[in-house]
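Novice: Below is the file target.cif, which contains mmCIF, C-alpha atoms.
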data_final
loop_
_atom_site.group_PDB
_atom_site.id
_atom_site.type_symbol
_atom_site.label_atom_id
_atom_site.label_comp_id
_atom_site.auth_asym_id
_atom_site.auth_seq_id
_atom_site.Cartn_x
_atom_site.Cartn_y
_atom_site.Cartn_z
ATOM 1 C CA MET A 1 -13.909 15.933 -30.065
ATOM 2 C CA ASN A 2 -12.502 12.539 -29.047
ATOM 3 C CA ALA A 3 -12.392 13.554 -25.360
ATOM 4 C CA SER A 4 -16.014 14.674 -25.556
ATOM 5 C CA LEU A 5 -17.036 11.359 -27.122
ATOM 6 C CA ASN A 6 -15.213 9.409 -24.377
ATOM 7 C CA SER A 7 -16.921 11.489 -21.708
ATOM 8 C CA ASP A 8 -20.336 10.901 -23.307
ATOM 9 C CA MET A 9 -19.671 7.132 -23.464
ATOM 10 C CA LYS A 10 -18.625 7.030 -19.794
ATOM 11 C CA ASN A 11 -21.711 8.967 -18.743
ATOM 12 C CA SER A 12 -23.931 6.708 -20.842
ATOM 13 C CA PHE A 13 -22.371 3.612 -19.263
ATOM 14 C CA LYS A 14 -22.813 5.053 -15.768
ATOM 15 C CA GLN A 15 -26.446 5.901 -16.488
ATOM 16 C CA LYS A 16 -27.151 2.429 -17.855
ATOM 17 C CA SER A 17 -25.383 0.866 -14.864
ATOM 18 C CA SER A 18 -27.216 2.950 -12.285
ATOM 19 C CA ILE A 19 -29.671 1.409 -9.873
ATOM 20 C CA PRO A 20 -31.992 2.729 -7.145
ATOM 21 C CA ASN A 21 -29.904 3.764 -4.136
ATOM 22 C CA LYS A 22 -31.481 1.251 -1.774
ATOM 23 C CA TYR A 23 -30.119 -1.649 -3.835
ATOM 24 C CA LEU A 24 -26.536 -0.455 -3.343
ATOM 25 C CA ILE A 25 -26.917 -1.478 0.294
ATOM 26 C CA LEU A 26 -27.985 -4.966 -0.785
ATOM 27 C CA ILE A 27 -25.044 -5.202 -3.204
ATOM 28 C CA ALA A 28 -22.667 -4.118 -0.432
ATOM 29 C CA GLY A 29 -24.067 -6.857 1.787
ATOM 30 C CA ILE A 30 -23.656 -9.515 -0.887
ATOM 31 C CA VAL A 31 -20.095 -8.374 -1.650
ATOM 32 C CA TRP A 32 -19.137 -8.369 2.043
ATOM 33 C CA MET A 33 -20.670 -11.809 2.639
ATOM 34 C CA PHE A 34 -18.844 -13.156 -0.412
ATOM 35 C CA ALA A 35 -15.556 -11.604 0.751
ATOM 36 C CA GLY A 36 -16.073 -12.975 4.260
ATOM 37 C CA THR A 37 -16.709 -16.447 2.877
ATOM 38 C CA MET A 38 -13.555 -16.278 0.759
ATOM 39 C CA VAL A 39 -11.438 -15.145 3.725
ATOM 40 C CA ILE A 40 -12.873 -17.895 5.938
ATOM 41 C CA GLU A 41 -12.228 -20.501 3.220
ATOM 42 C CA THR A 42 -8.634 -19.294 2.984
ATOM 43 C CA GLY A 43 -8.024 -19.368 6.744
ATOM 44 C CA LEU A 44 -9.991 -22.471 7.704
ATOM 45 C CA PRO A 45 -7.430 -25.046 6.513
ATOM 46 C CA TYR A 46 -4.744 -23.289 8.592
ATOM 47 C CA PHE A 47 -7.163 -23.067 11.512
ATOM 48 C CA ILE A 48 -8.116 -26.763 11.418
ATOM 49 C CA THR A 49 -4.682 -28.308 10.904
ATOM 50 C CA GLN A 50 -2.808 -26.478 13.632
ATOM 51 C CA GLY A 51 -4.642 -27.937 16.648
ATOM 52 C CA ARG A 52 -5.023 -25.926 19.899
ATOM 53 C CA TYR A 53 -8.697 -25.392 19.113
ATOM 54 C CA ILE A 54 -9.840 -23.724 22.317
ATOM 55 C CA PHE A 55 -7.043 -21.161 22.164
ATOM 56 C CA SER A 56 -7.644 -20.646 18.426
ATOM 57 C CA VAL A 57 -11.365 -20.108 18.917
ATOM 58 C CA PHE A 58 -10.636 -17.557 21.642
ATOM 59 C CA LEU A 59 -8.171 -15.722 19.384
ATOM 60 C CA ALA A 60 -10.538 -15.839 16.378
ATOM 61 C CA ALA A 61 -13.343 -14.478 18.586
ATOM 62 C CA SER A 62 -11.045 -11.668 19.726
ATOM 63 C CA VAL A 63 -10.134 -10.770 16.130
ATOM 64 C CA PHE A 64 -13.815 -10.971 15.182
ATOM 65 C CA SER A 65 -14.788 -8.630 18.024
ATOM 66 C CA VAL A 66 -12.178 -6.003 17.181
ATOM 67 C CA PHE A 67 -12.948 -5.986 13.449
ATOM 68 C CA TYR A 68 -16.726 -6.291 13.808
ATOM 69 C CA PHE A 69 -17.309 -3.691 16.504
ATOM 70 C CA PHE A 70 -14.523 -1.188 15.909
ATOM 71 C CA ILE A 71 -13.948 -1.275 12.141
ATOM 72 C CA PHE A 72 -16.470 -3.013 9.896
ATOM 73 C CA SER A 73 -19.687 -2.004 11.716
ATOM 74 C CA LYS A 74 -18.601 1.621 11.524
ATOM 75 C CA LEU A 75 -18.086 1.228 7.777
ATOM 76 C CA VAL A 76 -21.570 -0.293 7.414
ATOM 77 C CA GLU A 77 -23.044 2.740 9.150
ATOM 78 C CA LYS A 78 -20.896 5.161 7.143
ATOM 79 C CA HIS A 79 -21.840 3.717 3.754
ATOM 80 C CA THR A 80 -25.502 3.179 4.607
ATOM 81 C CA THR A 81 -25.790 6.790 5.755
ATOM 82 C CA ARG A 82 -23.880 8.093 2.724
ATOM 83 C CA ILE A 83 -26.089 6.159 0.302
ATOM 84 C CA SER A 84 -29.363 7.008 2.054
ATOM 85 C CA LYS A 85 -28.557 10.738 2.146
ATOM 86 C CA ASP A 86 -27.572 10.939 -1.518
ATOM 87 C CA ASN A 87 -30.125 13.081 -3.372
ATOM 88 C CA ARG A 88 -29.929 11.131 -6.626
ATOM 89 C CA LYS A 89 -32.645 8.561 -7.214
ATOM 90 C CA LYS A 90 -30.176 6.207 -8.863
ATOM 91 C CA MET A 91 -26.465 5.725 -8.321
ATOM 92 C CA PHE A 92 -23.778 3.923 -10.267
ATOM 93 C CA VAL A 93 -23.724 0.268 -9.213
ATOM 94 C CA LEU A 94 -20.143 0.444 -7.844
ATOM 95 C CA GLU A 95 -20.888 3.407 -5.576
ATOM 96 C CA PHE A 96 -21.723 1.123 -2.648
ATOM 97 C CA PHE A 97 -18.159 1.991 -1.559
ATOM 98 C CA ASP A 98 -16.328 5.268 -1.789
ATOM 99 C CA LYS A 99 -12.819 5.548 -3.251
ATOM 100 C CA LYS A 100 -11.136 5.305 0.162
ATOM 101 C CA SER A 101 -12.923 2.035 0.932
ATOM 102 C CA TYR A 102 -11.940 0.533 -2.410
ATOM 103 C CA LEU A 103 -8.322 1.485 -1.668
ATOM 104 C CA ILE A 104 -8.515 -0.141 1.778
ATOM 105 C CA MET A 105 -9.997 -3.276 0.213
ATOM 106 C CA VAL A 106 -7.167 -3.509 -2.346
ATOM 107 C CA VAL A 107 -4.516 -2.982 0.361
ATOM 108 C CA MET A 108 -6.089 -5.697 2.555
ATOM 109 C CA ILE A 109 -6.267 -8.175 -0.334
ATOM 110 C CA LEU A 110 -2.705 -7.524 -1.470
ATOM 111 C CA GLY A 111 -1.499 -7.610 2.141
ATOM 112 C CA GLY A 112 -3.147 -10.985 2.700
ATOM 113 C CA ILE A 113 -1.696 -12.426 -0.495
ATOM 114 C CA THR A 114 1.762 -11.112 0.412
ATOM 115 C CA ILE A 115 1.603 -12.527 3.946
ATOM 116 C CA ARG A 116 0.724 -16.000 2.657
ATOM 117 C CA LYS A 117 3.011 -16.011 -0.405
ATOM 118 C CA PHE A 118 6.113 -15.005 1.548
ATOM 119 C CA SER A 119 5.158 -16.826 4.788
ATOM 120 C CA LEU A 120 5.373 -13.609 6.804
ATOM 121 C CA LEU A 121 3.193 -15.099 9.548
ATOM 122 C CA PRO A 122 3.060 -18.624 10.944
ATOM 123 C CA ALA A 123 0.147 -20.799 9.808
ATOM 124 C CA PHE A 124 -1.306 -20.679 13.330
ATOM 125 C CA ASP A 125 -1.639 -16.880 13.149
ATOM 126 C CA ILE A 126 -3.107 -16.946 9.644
ATOM 127 C CA GLY A 127 -5.725 -19.478 10.733
ATOM 128 C CA PHE A 128 -7.323 -17.630 13.637
ATOM 129 C CA PHE A 129 -6.781 -14.183 12.078
ATOM 130 C CA TYR A 130 -8.446 -15.044 8.755
ATOM 131 C CA VAL A 131 -11.325 -16.885 10.408
ATOM 132 C CA GLY A 132 -11.952 -13.939 12.744
ATOM 133 C CA ILE A 133 -11.799 -11.328 9.986
ATOM 134 C CA GLY A 134 -13.858 -13.486 7.632
ATOM 135 C CA LEU A 135 -16.614 -13.946 10.209
ATOM 136 C CA ALA A 136 -16.616 -10.197 10.904
ATOM 137 C CA LEU A 137 -16.881 -9.413 7.175
ATOM 138 C CA PHE A 138 -19.669 -11.935 6.687
ATOM 139 C CA SER A 139 -21.557 -10.654 9.748
ATOM 140 C CA CYS A 140 -21.328 -7.060 8.567
ATOM 141 C CA GLY A 141 -22.526 -8.208 5.156
ATOM 142 C CA MET A 142 -25.574 -9.584 6.936
ATOM 143 C CA LYS A 143 -25.918 -6.223 8.682
ATOM 144 C CA PHE A 144 -26.005 -4.500 5.271
ATOM 145 C CA VAL A 145 -28.709 -6.935 4.105
ATOM 146 C CA TYR A 146 -30.707 -6.279 7.282
ATOM 147 C CA LYS A 147 -30.451 -2.520 6.673
ATOM 148 C CA PHE A 148 -31.622 -3.093 3.092
ATOM 149 C CA THR A 149 -34.700 -4.998 4.274
ATOM 150 C CA THR A 150 -35.598 -2.398 6.902
ATOM 151 C CA SER A 151 -34.706 0.823 5.050
ATOM 152 C CA SER A 152 -37.481 3.169 4.010
ATOM 153 C CA PHE A 153 -35.785 5.328 1.380
#
For the file at hand, write its structure as structure tokens.

Specialist:
Amino acid sequence: MNASLNSDMKNSFKQKSSIPNKYLILIAGIVWMFAGTMVIETGLPYFITQGRYIFSVFLAASVFSVFYFFIFSKLVEKHTTRISKDNRKKMFVLEFFDKKSYLIMVVMILGGITIRKFSLLPAFDIGFFYVGIGLALFSCGMKFVYKFTTSSF
């Protein structure tokens, strides 16, 4: 009976924490913009103090381009399509990502912490890399918000 009670409580919590599908896209956008801002804030001090600005801007733009066009934009499309095609009227608030995406997010966060904590990369590399990834995350967050404002489901 205890297992049944736990299951009922979980389902009740999920139902109470469910929102119309369209708003999951907005939440994804806010989360991605927040994450992008945090990554930029982490990398900016490294970026500013190392000098070689023209080269750094070029490298950050290259990182941005790779992550924006080949990774993050594809994830925006994947999650927007997945959410819009879901037949439920409401979804649990954390379903703006699937399990695989949450795992990738955890690996990226832990990888970034590990790289900085153990100085696995020089400060120069951390600066342009974090700024590029952060800008790509933030931009794709804006793409989610745009899709929210223009979606018809």

Novice: Quick one: which segment 39-66 of chain A residues come within 7 Å of segment 134-138 of chain A, and what is the nearest atom pair for each with the distance in Å to one decimal, counting all atoms listed in the file, rows ordered by chain and ascending number, as JSON lines?

Specialist:
{"residue": "A:Val39", "atom": "CA", "partner": "A:Gly134", "partner_atom": "CA", "distance": 4.9}
{"residue": "A:Ile40", "atom": "CA", "partner": "A:Gly134", "partner_atom": "CA", "distance": 4.8}
{"residue": "A:Phe64", "atom": "CA", "partner": "A:Ala136", "partner_atom": "CA", "distance": 5.2}

Novice: Do you have the atom CA of Lys14 of chain A-atom CA of Thr81 of chain A distance handy?

Specialist: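 For atom CA of Lys14 of chain A relative to atom CA of Thr81 of chain A, the distance reads 21.8 Å.
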
Novice: Counting only C-alpha atoms, which residues have an atom no more than 10 Å from (-27.6, -5.0, 3.0) in the file's coordinates? Please list them as number ranges by chain.

Specialist: A: 22-33, 76, 80, 140-151

Novice: Separation of atom CA of Ile83 of chain A and atom CA of Ile19 of chain A, in Å?

Specialist: 11.8 Å

Novice: Using all atoms listed in the file for the distances, tell me which of A:Lys117, A:Gly43, A:Pro20, A:Phe128 is nearest to Glu95 of chain A.

Specialist: A:Pro20

Novice: The residues within 12 Å of (-8.9, -18.5, 1.6), using all atoms listed in the file and the coordinates of the file, should be reported as number ranges by chain; which are they?

Specialist: A: 34-47, 109, 112-113, 116, 126-127, 129-131, 133-134

Novice: Please compute the atom CA of Phe67 of chain A-atom CA of Phe118 of chain A distance, one decimal, in Å.

Specialist: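 Value for the atom CA of Phe67 of chain A-atom CA of Phe118 of chain A distance: 24.2 Å.
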
Novice: Hey, can I get the axis-aligned box for segment 37-51 of chain A? All listed atoms, 8 Å padding on each side, centre and edge lengths in Å to one decimal, as lines of an AutoDock Vina configuration file.

Specialist:
center_x = -9.8
center_y = -21.7
center_z = 8.7
size_x = 29.9
size_y = 29.2
size_z = 31.9

Novice: Using all atoms listed in the file, can you tell me which of A:Phe124, A:Phe92, A:Lys85, A:Asp98 comes closest to Tyr53 of chain A?

Specialist: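 The shortest atom-to-atom distance to Tyr53 of chain A comes from A:Phe124.
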
Novice: Which of these, A:Ser18, A:Gly51, A:Met105, A:Lys78, has the shortest distance to Lys90 of chain A once you count all atoms listed in the file?

Specialist: A:Ser18

Novice: Extract, using only C-alpha atoms, all DNA, RNA and protein residues at most 7 Å from Gly132 of chain A, discarding same-chain residues fewer than 6 positions from it, and format them as number ranges by chain.

Specialist: A: 60-61, 63-64

Novice: Closest to Pro122 of chain A among A:Ser152, A:Asp86, A:Val93, A:Gln50, using only C-alpha atoms?

Specialist: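 The closest residue to Pro122 of chain A is A:Gln50.
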
Novice: Measuring atom to atom with all atoms listed in the file, identify which of A:Ser62, A:Val107, A:Phe55, A:Asn21 is nearest to Arg88 of chain A.

Specialist: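 Checking each of A:Ser62, A:Val107, A:Phe55, A:Asn21 against Arg88 of chain A, counting all atoms listed in the file, the winner is A:Asn21.
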